[in-house]
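Asks: This is the structure I have questions about; it appears just below.
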Amino acid sequence: MAFQQQRLVVVSNRLPAALKKTDDGWEVKAGAGGLVTALAPVLKNRGGVWIGWSGSSDPNLDVDSLLADFSSKAGYDLYTVPLTPEEVDGYYFGFSNEIIWPLFHDLQSRCRFHPRYWRMYLDVNFKFAEMVARKTNSDDYIWIQDYHLMHQAFFLKSMGVKRRTGFFLHIPFPTPDIFMKLPWRWKVIQALTEFDLVGFQTMQDRRNFSACLRRLMPEARVQGRGAVVTMDLGNRQFRLGAFPISIDYNQFSEMAERPEVEQQTFSIKEALRHRKIILGVDRLDYTKGIPERIRSFQTLLRQFPELKGNVNFVQIAVPSREEVDEYKELRTEIEQLVGRVNGEFSFPGWVPVHYHYRSFPHDELVAYYSAADIALVTPLKDGMNLVAKEYCACNTSGDGVLVLSEFAGAAAQLQKDAYLVNPYDMEGIAKALHRCLHWDREERRSHMTHLRDQVRKNNIYWWVDSFLQAGISKTLVDFPEVDT
Ligand code: GDG
C-alpha cells in the first residue's frame, strides 16, 4: 500500500481536544501547543485516527459522547485512553514532566528520579498499547508522538501485536553525559530501538541518540548517510532520521492578510503609538528563557537610554502545567520581574513591558506576529520552536527580524537569516536587539524573504511526508541532510 493511502493512527499523550468544565457543563475545545498545531491539519487532510488521553480523570464523565461532535467536525476518529488521577500524577506529572522533560532539556538538577514515577510510566504505556492494539489493524501505520510514550513499540511487540510503528521526539535528545544520568537509561534506549523508525528534530539530536545507543549497545552500527540512516543491531535493524517539524505556512500567511486581522494588526500598532515592538510568545515554561529575556530587555534599556519611550517588549505567556509548584513559582518570578522593569523605566504615556498571561485566539496571535518588528525567541533549549516559524509566515510585510536562540532546534534550519543569540547572554541579546532595531529596510527584507522561503518550502506537509516516506517505504532514497 502506498504511504499516501495507508490509514494513519496518531498516538499522543493528549487528544487534540481539551475538555473544560464551565458553569453550563463541559466544553470541548481544540487543544493548544506545538503538537496539536502541527498535526491537526494533517489528519484533517488525510483522515485517520487519533488515540490519547482526554485530560479528564472523572470516571462518571462520558468522554466519548462529548468528543463525538468534535471528531465528526475534525474529520478523523478519536479514541480515549482513560487515566486515573494516580496514573496522571505518576506518568504525566512525574516521569514525563519531572524527569524526561528537564533531563532532555539539559536541566538535570530539576529532575526527581522517583522509582514510583517509572513504574507508573510503564503501566500507563501498557494501557496505551492495549488501546492501540484494539483499535488498529496490521495495515495501519502507527505514529507515536513524543517522550510520554517511548514504550509503545516495546509493549505492542511483547503482546505479539504486529504493527508498523514510527516514533517522533518533539523535544531535544541529550548528549550521553546527560542521558546516562537516567536510572532507567538502558530500558528507555532499548524500548526506542523497538520502533521501525525513530525521528528527531535535528541531526544533532539524532547524533546524540546514536552516541547514547552505542555507549549502551556497543554492537550498534550506523549504515548509510543523509537525514535517514539505518541502525544495525546485529540481529535486527531500525531507522533513525532527522525531520524538523514545521507549520501550515499558508494558513498563517493567509490569515495575516485577512482584512479583519490586518485591522487588528493596525490597532495593536496604534495602541503602542507606532513604537518598535519586540515580541515574545511562549508556553510559560522554564525552558523558554522568559526571565532571562526580560532581563535582556532591561539591559537594552539601561545600555541604550535613547530607546526609552521608543520601543515596547510584548510578552505573551500561555498558561501551562499550572498545577505544578515550579510553574507557579516561575509565574511569580516573571510577574515580579515585569513589575521591576516597568517600575524602573515607565513614564506617563509609556510602559515598556506589556505582559499577557493568557491564551490568545488564533487571529489575535497572528495579528501580534504581524505587528511585531522583532520576534525575540530565546529558549534555553527547545526541540524546534514553532513560534519562530509562525512569526516568519505571518510577516507578510517582509520587514521583521527574527532573533533566535542558538539552542532552539529551529536554529539549525534558520541560522543563515535569523540573528542567533545565546539565551543566557543578556548583554549579547541587548546588543543584538540594538543592532536589529537599526537594520535598514533592505537588510531586513532580504533576511525575511529567505526565512519565509525556507518555512514555506519545509512546511508541515513536507514534514509529514518525509516522516511517512522514511517510515513506510522499503528503500531509503533521496534523504539529503536537513541541517548542519
Ligand atoms: C513542543 C516542543 C516543538 C502559543 N501561544 C498561543 C498559542 N501558542 C502556540 C504557538 C505554537 C505553540 O503554541 C508553541 O509551540 P512551540 O514549538 O513553540 O513549543 P512547545 O509547546 O513547547 O512544543 C517544541 C513543538 O513541540 C513541536 O514539535 O517545536 O520544541 O517543546 O504553535 O502558536 N496559540 C494560541 N494562542 C496563544 O496565545 N492560539
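Going through the C-alpha cells in order, the chains are called A, B, and so on, while each chain numbers its residues from 1 and the ligands are numbered from 1 in the order shown.
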Write out as a PyMOL selection string each polymer residue whose atoms come within 8 Å of Gly199 in chain A, counting only C-alpha atoms; drop sequence neighbours fewer than 5 positions from it.
Replies: chain A and resi 166-169+206+240-243+467
Asks: Pick out each residue of range 122-253 of chain A that DSSP on the backbone tags as alpha helix (DSSP H); I need them as a ChimeraX atom specification.
Replies: /A:122-135,152-158,176-179,185-192,203-216,249-253
Asks: Report, in Å to a single decimal, how far apart CA of Ile171 in chain A and CA of Asp146 in chain A are.
Replies: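 Atom-to-atom, CA of Asp146 in chain A to CA of Ile171 in chain A, that is 7.5 Å.
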Asks: Would you work out the distance separating CA of Arg444 in chain A from CA of Gly398 in chain A, expressed in Å to one decimal?
Replies: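 A separation of 7.4 Å between them.
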Asks: Extract, using only C-alpha atoms, all DNA, RNA and protein residues at most 9 Å from Glu406 in chain A, discarding same-chain residues fewer than 3 positions from it, and format them as an NGL selection string.
Replies: :A and (378-381 or 409-412 or 415 or 420-423)
Asks: Pick out the residues sitting within 12 Å of Ser71 in chain A, and hand them over as a VMD selection string; count only C-alpha atoms, and ignore anything fewer than 3 positions along from it in its own chain.
Replies: chain A and resid 15 to 17 28 to 30 40 43 to 44 47 to 51 63 to 68 74 to 80
Asks: I need the residues of range 84-288 of chain A that end up classed as strand (DSSP E) by DSSP on the backbone, written out as a count of residues only.
Replies: 36
Asks: Measure the distance from CA of Phe173 in chain A to CA of Phe200 in chain A in Å and round it to one decimal.
Replies: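 These atoms are spaced 7.8 Å apart.
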Asks: For Leu272 in chain A, which of A:Ala129, A:Val229, A:Val351, A:Ile294 is the closest residue, counting only C-alpha atoms?
Replies: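 When distances to Leu272 in chain A are compared using only C-alpha atoms, the smallest one comes from A:Val351.
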Asks: Could you pull the residues within 8 Å of Ala470 in chain A, counting only C-alpha atoms, minus those fewer than 3 positions along the same chain, as a list in words?
Replies: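 Answer for this query is Leu197, Val228, Arg239, Gly241, Ser466, Phe467, Ser473 and Leu476 of chain A.
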Asks: Closest to ligand 1 among A:Asp24, A:Asp399, A:Asp453, A:Glu390, using only C-alpha atoms and all ligand atoms?
Replies: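 Distance minimum relative to ligand 1 lands on A:Glu390.
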